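Q: My structure file entry_28.tsv, TSV, C-alpha atoms, is below:
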chain	number	residue	atom	x	y	z
A	1	MET	CA	87.03	54.60	135.38
A	2	GLU	CA	85.77	51.30	134.02
A	3	GLY	CA	82.09	51.06	133.22
A	4	ILE	CA	81.25	54.67	134.07
A	5	GLU	CA	79.52	56.54	131.25
A	6	HIS	CA	80.04	60.24	130.68
A	7	ARG	CA	77.85	62.74	128.89
A	8	THR	CA	77.08	66.44	128.70
A	9	VAL	CA	73.63	67.78	129.52
A	10	THR	CA	72.59	71.39	128.95
A	11	VAL	CA	70.84	72.80	132.03
A	12	ASN	CA	69.84	76.41	132.53
A	13	GLY	CA	72.15	77.57	129.76
A	14	ILE	CA	75.27	75.76	130.96
A	15	ASN	CA	76.79	72.51	129.79
A	16	MET	CA	77.00	70.08	132.70
A	17	HIS	CA	79.23	67.02	132.69
A	18	VAL	CA	77.63	63.95	134.24
A	19	ALA	CA	79.07	60.56	135.18
A	20	GLU	CA	76.62	57.65	135.39
A	21	LYS	CA	76.54	53.92	136.02
A	22	GLY	CA	73.92	51.29	136.68
A	23	GLN	CA	70.18	50.79	136.32
A	24	GLY	CA	67.41	51.17	138.88
A	25	PRO	CA	66.40	53.83	141.41
A	26	VAL	CA	68.53	56.95	140.97
A	27	VAL	CA	71.09	58.09	143.52
A	28	LEU	CA	72.23	61.66	142.88
A	29	PHE	CA	75.74	62.30	144.21
A	30	ILE	CA	76.72	65.94	144.85
A	31	HIS	CA	80.41	66.74	145.39
A	32	GLY	CA	82.18	69.48	147.34
A	33	PHE	CA	85.39	71.56	147.14
A	34	PRO	CA	88.01	70.95	145.85
A	35	GLU	CA	86.33	67.89	144.44
A	36	LEU	CA	84.61	66.60	141.30
A	37	TRP	CA	82.26	63.79	140.30
A	38	TYR	CA	85.40	61.68	140.71
A	39	SER	CA	85.16	62.01	144.49
A	40	TRP	CA	82.26	59.53	144.31
A	41	ARG	CA	84.07	56.98	142.13
A	42	HIS	CA	83.93	54.24	144.76
A	43	GLN	CA	80.27	54.84	145.64
A	44	ILE	CA	79.27	54.95	141.95
A	45	HIS	CA	80.62	51.46	141.41
A	46	ALA	CA	79.25	50.14	144.70
A	47	LEU	CA	75.70	51.44	144.31
A	48	ALA	CA	75.54	50.43	140.65
A	49	SER	CA	76.48	46.87	141.66
A	50	LEU	CA	73.64	46.89	144.20
A	51	GLY	CA	70.92	47.75	141.68
A	52	TYR	CA	70.94	51.53	141.61
A	53	ARG	CA	71.64	54.13	138.96
A	54	ALA	CA	74.38	56.44	140.20
A	55	VAL	CA	74.34	59.96	138.73
A	56	ALA	CA	77.25	62.25	139.65
A	57	PRO	CA	77.61	65.64	137.97
A	58	ASP	CA	80.45	68.12	138.07
A	59	LEU	CA	78.71	71.14	139.61
A	60	ARG	CA	78.82	74.48	137.82
A	61	GLY	CA	82.34	75.90	137.99
A	62	PHE	CA	83.97	72.48	138.39
A	63	GLY	CA	85.63	69.93	136.12
A	64	ASP	CA	84.11	69.59	132.67
A	65	THR	CA	81.01	71.63	133.51
A	66	ASP	CA	80.82	75.26	132.40
A	67	ALA	CA	82.05	77.93	134.80
A	68	PRO	CA	80.03	81.17	134.49
A	69	ALA	CA	82.20	84.25	134.97
A	70	ASP	CA	79.85	86.16	137.27
A	71	PRO	CA	80.41	85.15	140.93
A	72	SER	CA	76.77	85.96	141.72
A	73	THR	CA	75.63	83.03	139.57
A	74	TYR	CA	76.82	80.48	142.12
A	75	THR	CA	74.02	80.91	144.65
A	76	CYS	CA	72.08	78.06	146.20
A	77	LEU	CA	69.19	78.87	143.86
A	78	HIS	CA	71.40	78.55	140.79
A	79	VAL	CA	72.92	75.27	141.93
A	80	VAL	CA	69.65	73.69	143.06
A	81	GLY	CA	68.14	74.89	139.79
A	82	ASP	CA	70.89	73.04	137.92
A	83	LEU	CA	70.23	69.86	139.88
A	84	ILE	CA	66.46	69.97	139.30
A	85	ALA	CA	67.01	70.60	135.58
A	86	LEU	CA	69.50	67.72	135.50
A	87	LEU	CA	66.99	65.36	137.07
A	88	ASP	CA	64.31	66.50	134.62
A	89	ALA	CA	66.70	65.81	131.74
A	90	VAL	CA	68.21	62.46	132.71
A	91	VAL	CA	65.70	60.78	135.05
A	92	ALA	CA	62.36	62.18	133.96
A	93	ASP	CA	60.76	58.81	134.68
A	94	GLN	CA	61.54	59.07	138.40
A	95	GLU	CA	59.68	61.76	140.30
A	96	LYS	CA	61.81	61.30	143.41
A	97	VAL	CA	65.45	60.27	143.80
A	98	PHE	CA	67.89	59.46	146.57
A	99	VAL	CA	70.45	62.20	147.27
A	100	VAL	CA	73.95	61.92	148.74
A	101	GLY	CA	76.06	65.03	149.39
A	102	HIS	CA	79.45	65.92	150.81
A	103	ASP	CA	80.96	69.29	151.80
A	104	TRP	CA	79.43	71.95	149.51
A	105	GLY	CA	77.46	69.11	147.96
A	106	ALA	CA	75.94	68.44	151.38
A	107	HIS	CA	75.20	72.13	151.80
A	108	MET	CA	73.42	72.20	148.44
A	109	ALA	CA	71.64	68.94	149.23
A	110	TRP	CA	70.14	70.58	152.32
A	111	TYR	CA	68.90	73.42	150.13
A	112	LEU	CA	67.57	70.95	147.56
A	113	CYS	CA	65.56	69.21	150.26
A	114	LEU	CA	64.41	72.52	151.70
A	115	PHE	CA	63.27	73.95	148.36
A	116	ARG	CA	62.07	70.78	146.59
A	117	PRO	CA	61.32	67.98	149.06
A	118	ASP	CA	58.91	66.63	146.46
A	119	ARG	CA	61.93	65.41	144.44
A	120	VAL	CA	63.79	63.59	147.24
A	121	LYS	CA	63.06	60.12	148.65
A	122	ALA	CA	65.79	60.26	151.28
A	123	LEU	CA	69.10	62.03	151.95
A	124	VAL	CA	72.48	60.81	153.14
A	125	ASN	CA	74.68	63.80	153.91
A	126	LEU	CA	78.34	63.75	154.84
A	127	SER	CA	80.45	66.19	156.88
A	128	VAL	CA	78.27	69.33	156.76
A	129	GLN	CA	75.23	69.38	159.01
A	130	PHE	CA	72.16	71.49	158.29
A	131	ILE	CA	72.95	75.11	159.16
A	132	PRO	CA	69.81	77.09	160.07
A	133	ARG	CA	69.58	80.68	158.88
A	134	ASP	CA	70.29	83.22	161.62
A	135	PRO	CA	68.05	86.20	160.77
A	136	ARG	CA	70.15	88.52	162.95
A	137	ASN	CA	73.58	88.11	161.37
A	138	LYS	CA	74.93	87.54	157.89
A	139	THR	CA	76.92	84.34	157.63
A	140	VAL	CA	80.40	85.67	156.84
A	141	GLU	CA	80.09	88.42	159.45
A	142	SER	CA	79.32	85.78	162.06
A	143	MET	CA	82.31	83.67	161.01
A	144	ARG	CA	84.65	86.66	161.03
A	145	ALA	CA	83.44	87.63	164.50
A	146	VAL	CA	84.34	84.16	165.82
A	147	TYR	CA	87.57	83.37	163.95
A	148	GLY	CA	88.88	86.60	162.42
A	149	ASP	CA	90.06	87.53	158.94
A	150	ASP	CA	92.43	84.56	158.53
A	151	TYR	CA	89.66	82.00	158.72
A	152	TYR	CA	89.68	80.30	155.33
A	153	ILE	CA	86.10	81.23	154.40
A	154	CYS	CA	86.85	84.88	155.20
A	155	ARG	CA	90.03	84.66	153.10
A	156	PHE	CA	87.99	83.38	150.17
A	157	GLN	CA	85.77	86.47	150.02
A	158	GLU	CA	87.96	88.96	148.10
A	159	PRO	CA	87.83	88.14	144.36
A	160	GLY	CA	91.20	87.19	142.93
A	161	GLU	CA	93.13	87.27	146.18
A	162	ILE	CA	93.17	83.63	147.21
A	163	GLU	CA	93.30	82.54	143.57
A	164	ALA	CA	96.60	84.42	143.18
A	165	GLU	CA	98.01	82.74	146.29
A	166	PHE	CA	96.91	79.31	145.10
A	167	ALA	CA	98.50	79.98	141.71
A	168	GLN	CA	101.76	80.75	143.48
A	169	ILE	CA	101.54	77.57	145.55
A	170	GLY	CA	100.64	75.46	142.51
A	171	THR	CA	97.55	73.43	141.65
A	172	ALA	CA	98.98	70.05	142.66
A	173	ARG	CA	100.16	71.35	146.01
A	174	VAL	CA	96.80	72.98	146.78
A	175	VAL	CA	94.89	69.80	145.91
A	176	LYS	CA	97.17	67.70	148.10
A	177	GLU	CA	97.04	70.17	151.00
A	178	PHE	CA	93.24	70.12	151.06
A	179	LEU	CA	92.69	66.41	150.51
A	180	THR	CA	95.23	65.37	153.16
A	181	LEU	CA	94.10	67.94	155.75
A	182	ARG	CA	93.56	66.28	159.11
A	183	HIS	CA	93.44	69.15	161.60
A	184	PRO	CA	90.31	68.75	163.79
A	185	GLY	CA	89.53	72.43	164.05
A	186	PRO	CA	89.05	75.62	162.05
A	187	LEU	CA	91.31	76.13	159.03
A	188	PHE	CA	93.31	79.37	158.87
A	189	LEU	CA	95.10	80.66	155.77
A	190	PRO	CA	97.06	83.81	156.80
A	191	LYS	CA	97.94	86.06	153.87
A	192	GLY	CA	101.12	85.02	152.13
A	193	LYS	CA	101.65	81.98	154.35
A	194	GLY	CA	99.72	79.40	152.36
A	195	PHE	CA	98.86	76.35	154.42
A	196	GLY	CA	101.59	77.10	156.93
A	197	TYR	CA	104.20	74.76	155.47
A	198	PRO	CA	107.05	75.35	153.02
A	199	THR	CA	105.70	74.66	149.54
A	200	ASP	CA	108.62	72.36	148.81
A	201	ALA	CA	107.99	70.15	151.86
A	202	PRO	CA	106.87	66.68	150.71
A	203	ILE	CA	103.27	65.63	151.34
A	204	ALA	CA	102.78	61.93	152.03
A	205	LEU	CA	99.57	60.68	150.47
A	206	PRO	CA	97.33	58.45	152.61
A	207	SER	CA	96.54	54.92	151.44
A	208	TRP	CA	93.14	55.97	150.11
A	209	LEU	CA	94.53	58.65	147.77
A	210	SER	CA	96.89	57.74	144.92
A	211	GLU	CA	99.05	59.92	142.71
A	212	ASP	CA	96.72	58.99	139.85
A	213	ASP	CA	93.77	60.31	141.87
A	214	VAL	CA	95.59	63.56	142.57
A	215	ASN	CA	96.58	63.87	138.91
A	216	TYR	CA	92.95	63.58	137.83
A	217	TYR	CA	91.92	66.44	140.12
A	218	VAL	CA	94.91	68.52	139.06
A	219	SER	CA	94.21	67.99	135.35
A	220	LYS	CA	90.74	69.50	135.79
A	221	PHE	CA	91.60	72.32	138.20
A	222	GLU	CA	94.52	73.40	136.02
A	223	LYS	CA	92.09	74.01	133.16
A	224	LYS	CA	89.64	76.19	135.06
A	225	GLY	CA	91.49	77.17	138.21
A	226	PHE	CA	89.80	77.16	141.61
A	227	ILE	CA	87.68	80.26	140.99
A	228	GLY	CA	84.45	78.37	140.25
A	229	GLY	CA	84.61	76.45	143.50
A	230	ILE	CA	85.67	79.48	145.52
A	231	ASN	CA	82.70	81.43	144.15
A	232	TYR	CA	80.44	79.16	146.21
A	233	TYR	CA	82.04	80.61	149.35
A	234	ARG	CA	81.50	84.13	147.99
A	235	ASN	CA	77.77	83.53	148.03
A	236	PHE	CA	77.33	82.73	151.70
A	237	ASP	CA	75.90	86.18	152.39
A	238	ARG	CA	73.92	86.27	149.15
A	239	ASN	CA	72.41	82.89	150.06
A	240	TRP	CA	71.58	84.34	153.47
A	241	GLU	CA	69.63	87.12	151.75
A	242	LEU	CA	67.89	84.86	149.26
A	243	THR	CA	66.77	82.31	151.83
A	244	ALA	CA	64.98	84.75	154.13
A	245	PRO	CA	61.62	83.08	153.29
A	246	TRP	CA	62.97	79.80	154.72
A	247	THR	CA	64.03	81.18	158.11
A	248	VAL	CA	63.25	78.49	160.74
A	249	ALA	CA	61.94	76.16	158.01
A	250	GLN	CA	62.56	72.45	158.54
A	251	VAL	CA	64.05	69.86	156.20
A	252	LYS	CA	61.30	67.27	155.95
A	253	VAL	CA	62.84	64.27	154.22
A	254	PRO	CA	64.35	61.16	155.86
A	255	VAL	CA	68.02	61.84	156.65
A	256	LYS	CA	71.13	59.97	157.67
A	257	PHE	CA	74.17	62.08	158.59
A	258	ILE	CA	77.74	60.83	158.71
A	259	VAL	CA	80.82	62.72	159.87
A	260	GLY	CA	84.38	61.96	160.94
A	261	ASP	CA	85.46	62.96	164.42
A	262	GLN	CA	88.56	64.61	162.92
A	263	ASP	CA	86.53	66.65	160.42
A	264	LEU	CA	87.30	70.38	160.49
A	265	VAL	CA	83.60	71.23	160.06
A	266	TYR	CA	82.54	68.98	162.93
A	267	ASN	CA	85.09	70.73	165.16
A	268	SER	CA	84.26	74.34	164.20
A	269	LEU	CA	81.55	76.95	164.80
A	270	GLY	CA	79.69	74.93	167.42
A	271	ALA	CA	78.79	72.15	164.98
A	272	LYS	CA	79.39	69.30	167.40
A	273	ASP	CA	77.10	70.78	170.05
A	274	PHE	CA	74.41	71.59	167.48
A	275	ILE	CA	74.48	68.04	166.10
A	276	HIS	CA	74.31	66.25	169.45
A	277	SER	CA	72.30	68.62	171.67
A	278	GLY	CA	68.97	68.68	169.85
A	279	GLY	CA	69.42	71.59	167.45
A	280	PHE	CA	70.00	69.36	164.43
A	281	LYS	CA	66.93	67.22	165.12
A	282	LYS	CA	64.82	70.33	165.64
A	283	TYR	CA	65.47	71.55	162.11
A	284	VAL	CA	65.65	68.08	160.53
A	285	PRO	CA	62.79	66.27	162.26
A	286	PHE	CA	63.14	63.10	160.14
A	287	LEU	CA	66.82	62.73	161.02
A	288	GLU	CA	67.04	58.99	161.64
A	289	GLU	CA	70.74	58.43	162.23
A	290	VAL	CA	73.91	60.33	163.08
A	291	ILE	CA	77.10	58.35	162.55
A	292	VAL	CA	80.42	59.69	163.89
A	293	MET	CA	83.35	57.74	162.47
A	294	GLU	CA	86.40	57.66	164.74
A	295	GLY	CA	89.77	58.74	163.38
A	296	VAL	CA	88.28	59.97	160.10
A	297	ALA	CA	88.75	63.45	158.65
A	298	HIS	CA	86.83	65.59	156.18
A	299	PHE	CA	87.04	63.68	152.88
A	300	ILE	CA	85.16	60.80	154.40
A	301	ASN	CA	83.66	59.37	151.20
A	302	GLN	CA	87.17	58.75	149.88
A	303	GLU	CA	88.93	57.91	153.13
A	304	LYS	CA	86.34	55.31	154.17
A	305	ALA	CA	84.89	54.52	150.77
A	306	ASP	CA	83.55	51.01	151.45
A	307	GLU	CA	82.02	51.92	154.80
A	308	ILE	CA	80.29	54.96	153.33
A	309	SER	CA	78.91	52.91	150.44
A	310	HIS	CA	77.48	50.41	152.96
A	311	HIS	CA	75.99	53.21	155.06
A	312	ILE	CA	74.30	54.70	152.00
A	313	PHE	CA	72.87	51.36	150.87
A	314	ASP	CA	71.68	50.35	154.35
A	315	PHE	CA	69.71	53.60	154.62
A	316	ILE	CA	68.22	54.09	151.17
A	317	LYS	CA	67.09	50.48	150.74
A	318	LYS	CA	64.42	51.20	153.37
A	319	PHE	CA	62.71	53.75	151.11
A	320	GLN	CA	62.38	51.91	147.79
I need this file expressed as structure tokens, please.
A:
Amino acid sequence: MEGIEHRTVTVNGINMHVAEKGQGPVVLFIHGFPELWYSWRHQIHALASLGYRAVAPDLRGFGDTDAPADPSTYTCLHVVGDLIALLDAVVADQEKVFVVGHDWGAHMAWYLCLFRPDRVKALVNLSVQFIPRDPRNKTVESMRAVYGDDYYICRFQEPGEIEAEFAQIGTARVVKEFLTLRHPGPLFLPKGKGFGYPTDAPIALPSWLSEDDVNYYVSKFEKKGFIGGINYYRNFDRNWELTAPWTVAQVKVPVKFIVGDQDLVYNSLGAKDFIHSGGFKKYVPFLEEVIVMEGVAHFINQEKADEISHHIFDFIKKFQ
């Protein structure tokens, strides 16, 4: 996209692709699944025009960043380690930066703020609220107990299984199915049934997603497959083990949280009650705002690009 610079930075032994634009205080954008730096294309332009330096990497396993073969190298410690090394490499002159995350990027942003609050001025997180560690139950076990084996995160656990199904469905179809998903509830992927629709049924793209956008995602996921991104899901329980020292720890940076009322995460696993009934604020004491956008689904930063850019700017400008 016009005016966006691209480079490769070596962090922790992997080559990380980074998209950048603008000058000024740094805003680190962290993407989710099945996304790339490209998911932030609108916000990169918007924040750069407002006097910020937007920095958006492809996380390990995604896009033009290396994808280590070992699934155990996709833990929260690995990913946060990559992000800290990236900041040290590209913005060494700024001790603290603004952080914006979505989906897995939001999940990793919470960990970043938990582990290294000294590097974060303020956080704007989208779609995925802070999820406190339950010391009694491993994460995937808890999900399976609530939703069963067909719940998509449970389906992602067996190495090679969901990848084979996605290969059969086709990269373009999988990308379109995820990005156009609008079911306000848990996602189920029964074995052999894909997303529950015939794979030759047409998918109408919403106004905010063009065929060119889809083609960009497809061009990258066809090179590496989905395995890198899926490996993040395979580390839920490993992350649970590694984060035992942070049980009941609070995220102590200023936070704004934005979610769509049609988001599958917002409508699953008690998220809505946790967000609005005091649990969220208990673990994130400097939570300043919760914005629920009506009629908006999971890929909120693309579906409501301009509004999200304004929300980010309105919040972070207070902390310069």
Q: Can you tell me which residues surround Lys318 of chain A at a distance of at most 12 Å, considering only C-alpha atoms, apart from same-chain residues fewer than 5 positions away, and format the answer as a CSV table (one decimal) with C-alpha atoms, in the frame of the given file?
A:
chain,number,residue,atom,x,y,z
A,98,PHE,CA,67.9,59.5,146.6
A,121,LYS,CA,63.1,60.1,148.6
A,122,ALA,CA,65.8,60.3,151.3
A,123,LEU,CA,69.1,62.0,152.0
A,254,PRO,CA,64.4,61.2,155.9
A,255,VAL,CA,68.0,61.8,156.6
A,256,LYS,CA,71.1,60.0,157.7
A,288,GLU,CA,67.0,59.0,161.6
A,311,HIS,CA,76.0,53.2,155.1
A,312,ILE,CA,74.3,54.7,152.0
A,313,PHE,CA,72.9,51.4,150.9
Q: So which one's closest to Asp93 of chain A, A:Cys76, A:Val26, A:Ala204, A:Gln168? Using only C-alpha atoms, please.
A: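 Answer, going by the shortest atom-to-atom distance: A:Val26.
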Q: Show which residues sit within 7 Å of Asn231 of chain A, as an MDAnalysis selection string. Count all atoms listed in the file, and ignore same-chain residues fewer than 4 positions away.
A: chainID A and resid 71 74 227 235
Q: Using all atoms listed in the file, find each residue of segment 62-180 of chain A with at least one atom at most 9 Å away from an atom of segment 187-202 of chain A; report its shortest atom-to-atom pair and that distance in Å (one decimal), sort the rows by chain and rising residue number, and return the result as a tab-separated table.
A:
residue	atom	partner	partner_atom	distance
A:Tyr147	CA	A:Phe188	CA	8.6
A:Asp149	CA	A:Pro190	CA	8.2
A:Asp150	CA	A:Pro190	CA	5.0
A:Tyr151	CA	A:Phe188	CA	4.5
A:Tyr152	CA	A:Phe188	CA	5.2
A:Ile153	CA	A:Leu187	CA	8.6
A:Arg155	CA	A:Leu189	CA	7.0
A:Ile162	CA	A:Lys191	CA	8.5
A:Glu165	CA	A:Gly192	CA	7.0
A:Phe166	CA	A:Gly194	CA	7.8
A:Ile169	CA	A:Thr199	CA	6.5
A:Gly170	CA	A:Thr199	CA	8.7
A:Arg173	CA	A:Thr199	CA	7.4
A:Val174	CA	A:Phe195	CA	8.6
A:Glu177	CA	A:Phe195	CA	7.3
Q: What is the atom CA of Arg53 of chain A to atom CA of Asp82 of chain A distance in Å?
A: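 Calculated distance between atom CA of Arg53 of chain A and atom CA of Asp82 of chain A is 19.0 Å.
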Q: In Å, with one decimal, what is the gap from atom CA of Ala249 of chain A to atom CA of Asp273 of chain A?
A: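 Atom-to-atom, atom CA of Ala249 of chain A and atom CA of Asp273 of chain A are spaced 20.1 Å apart.
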Q: As an exercise, work out the distance from atom CA of Phe274 of chain A to atom CA of Val128 of chain A in Å and give it to one decimal place.
A: 11.6 Å
Q: So, with all atoms listed in the file as the atoms that count, which of A:Ala172, A:Leu181, A:Leu83, A:Ile4 lies closest to Asp213 of chain A?
A: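 That would be A:Ala172, the residue with the smallest distance to Asp213 of chain A.
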Q: Could you check which residues have any atom within 12 Å of (70.1, 72.0, 163.8), counting all atoms listed in the file with coordinates taken straight from the file, and then list them as an NGL selection string?
A: :A and (110 or 128-134 or 248-251 or 257 or 270-287)
Q: What's the 6 Å shell around Val120 of chain A, counting all atoms listed in the file, without same-chain residues fewer than 3 positions away, as a list in words?
A: Lys96, Val97, Phe98 and Pro117 of chain A
Q: Take the residues from that selection and put them in a file with C-alpha atoms, as a short mmCIF file (atom, residue, chain, number, x, y, z; two decimals), in the coordinates of the input.
A:
data_model
loop_
_atom_site.label_atom_id
_atom_site.label_comp_id
_atom_site.auth_asym_id
_atom_site.auth_seq_id
_atom_site.Cartn_x
_atom_site.Cartn_y
_atom_site.Cartn_z
CA LYS A 96 61.81 61.30 143.41
CA VAL A 97 65.45 60.27 143.80
CA PHE A 98 67.89 59.46 146.57
CA PRO A 117 61.32 67.98 149.06
#
Q: Taking only C-alpha atoms into account, which of A:Val80, A:Ser127, A:Ala167, A:Ile14 comes nearest Leu112 of chain A?
A: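 Of all the options, A:Val80 lies closest to Leu112 of chain A.
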Q: Show which residues sit within 8 Å of segment 41-45 of chain A, as a PyMOL selection string. Count all atoms listed in the file, and ignore same-chain residues fewer than 2 positions away.
A: chain A and resi 1+20-21+37-39+47-49+54-56+301-302+305-306+308-309
Q: With distances taken over all atoms listed in the file, which residue among A:Ile316, A:Ala297, A:Cys113, A:Val11 lies nearest Asp88 of chain A?
A: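 Comparing A:Ile316, A:Ala297, A:Cys113, A:Val11 against Asp88 of chain A, the winner is A:Val11.
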Q: Using only C-alpha atoms, determine which residues lie at most 9 Å from Glu35 of chain A, disregarding the query and same-chain residues fewer than 4 positions distant; provide the list as a VMD selection string.
A: chain A and resid 31 39 58 62 to 63 175 179 217 229
Q: Smallest atom-to-atom distance to Val253 of chain A: which of A:Met16, A:Ala92, A:Val124, A:Ala67, using all atoms listed in the file?
A: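 Looking only at the distances to Val253 of chain A, the closest residue turns out to be A:Val124.
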Q: Could you add the missing atoms to segment 235-250 of chain A, up to N, CA and C atoms, and return them as a PDB file, in the frame of the given file?
A:
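Generated output (rebuild.pdb):
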ATOM      1  N   ASN A 235      79.215  83.358 148.029  1.00  0.00           N
ATOM      2  CA  ASN A 235      77.770  83.530 148.030  1.00  0.00           C
ATOM      3  C   ASN A 235      77.117  83.176 149.354  1.00  0.00           C
ATOM      4  N   PHE A 236      77.918  82.985 150.383  1.00  0.00           N
ATOM      5  CA  PHE A 236      77.330  82.730 151.700  1.00  0.00           C
ATOM      6  C   PHE A 236      76.342  83.834 152.082  1.00  0.00           C
ATOM      7  N   ASP A 237      76.777  85.079 151.986  1.00  0.00           N
ATOM      8  CA  ASP A 237      75.900  86.180 152.390  1.00  0.00           C
ATOM      9  C   ASP A 237      74.754  86.383 151.415  1.00  0.00           C
ATOM     10  N   ARG A 238      74.998  86.166 150.139  1.00  0.00           N
ATOM     11  CA  ARG A 238      73.920  86.270 149.150  1.00  0.00           C
ATOM     12  C   ARG A 238      72.883  85.169 149.389  1.00  0.00           C
ATOM     13  N   ASN A 239      73.346  83.972 149.718  1.00  0.00           N
ATOM     14  CA  ASN A 239      72.410  82.890 150.060  1.00  0.00           C
ATOM     15  C   ASN A 239      71.606  83.253 151.301  1.00  0.00           C
ATOM     16  N   TRP A 240      72.267  83.900 152.252  1.00  0.00           N
ATOM     17  CA  TRP A 240      71.580  84.340 153.470  1.00  0.00           C
ATOM     18  C   TRP A 240      70.435  85.290 153.110  1.00  0.00           C
ATOM     19  N   GLU A 241      70.674  86.192 152.180  1.00  0.00           N
ATOM     20  CA  GLU A 241      69.630  87.120 151.750  1.00  0.00           C
ATOM     21  C   GLU A 241      68.508  86.408 151.005  1.00  0.00           C
ATOM     22  N   LEU A 242      68.883  85.521 150.104  1.00  0.00           N
ATOM     23  CA  LEU A 242      67.890  84.860 149.260  1.00  0.00           C
ATOM     24  C   LEU A 242      67.007  83.876 150.013  1.00  0.00           C
ATOM     25  N   THR A 243      67.527  83.338 151.112  1.00  0.00           N
ATOM     26  CA  THR A 243      66.770  82.310 151.830  1.00  0.00           C
ATOM     27  C   THR A 243      65.975  82.859 153.011  1.00  0.00           C
ATOM     28  N   ALA A 244      65.786  84.166 153.064  1.00  0.00           N
ATOM     29  CA  ALA A 244      64.980  84.750 154.130  1.00  0.00           C
ATOM     30  C   ALA A 244      63.596  84.092 154.260  1.00  0.00           C
ATOM     31  N   PRO A 245      62.932  83.719 153.150  1.00  0.00           N
ATOM     32  CA  PRO A 245      61.620  83.080 153.290  1.00  0.00           C
ATOM     33  C   PRO A 245      61.671  81.723 154.007  1.00  0.00           C
ATOM     34  N   TRP A 246      62.848  81.114 154.094  1.00  0.00           N
ATOM     35  CA  TRP A 246      62.970  79.800 154.720  1.00  0.00           C
ATOM     36  C   TRP A 246      63.553  79.878 156.139  1.00  0.00           C
ATOM     37  N   THR A 247      63.576  81.053 156.721  1.00  0.00           N
ATOM     38  CA  THR A 247      64.030  81.180 158.110  1.00  0.00           C
ATOM     39  C   THR A 247      63.171  80.280 159.003  1.00  0.00           C
ATOM     40  N   VAL A 248      63.828  79.479 159.817  1.00  0.00           N
ATOM     41  CA  VAL A 248      63.250  78.490 160.740  1.00  0.00           C
ATOM     42  C   VAL A 248      62.512  77.353 160.042  1.00  0.00           C
ATOM     43  N   ALA A 249      62.572  77.284 158.716  1.00  0.00           N
ATOM     44  CA  ALA A 249      61.940  76.160 158.010  1.00  0.00           C
ATOM     45  C   ALA A 249      62.692  74.863 158.297  1.00  0.00           C
ATOM     46  N   GLN A 250      61.973  73.766 158.261  1.00  0.00           N
ATOM     47  CA  GLN A 250      62.560  72.450 158.540  1.00  0.00           C
ATOM     48  C   GLN A 250      62.798  71.677 157.244  1.00  0.00           C
TER      49      GLN A 250
END
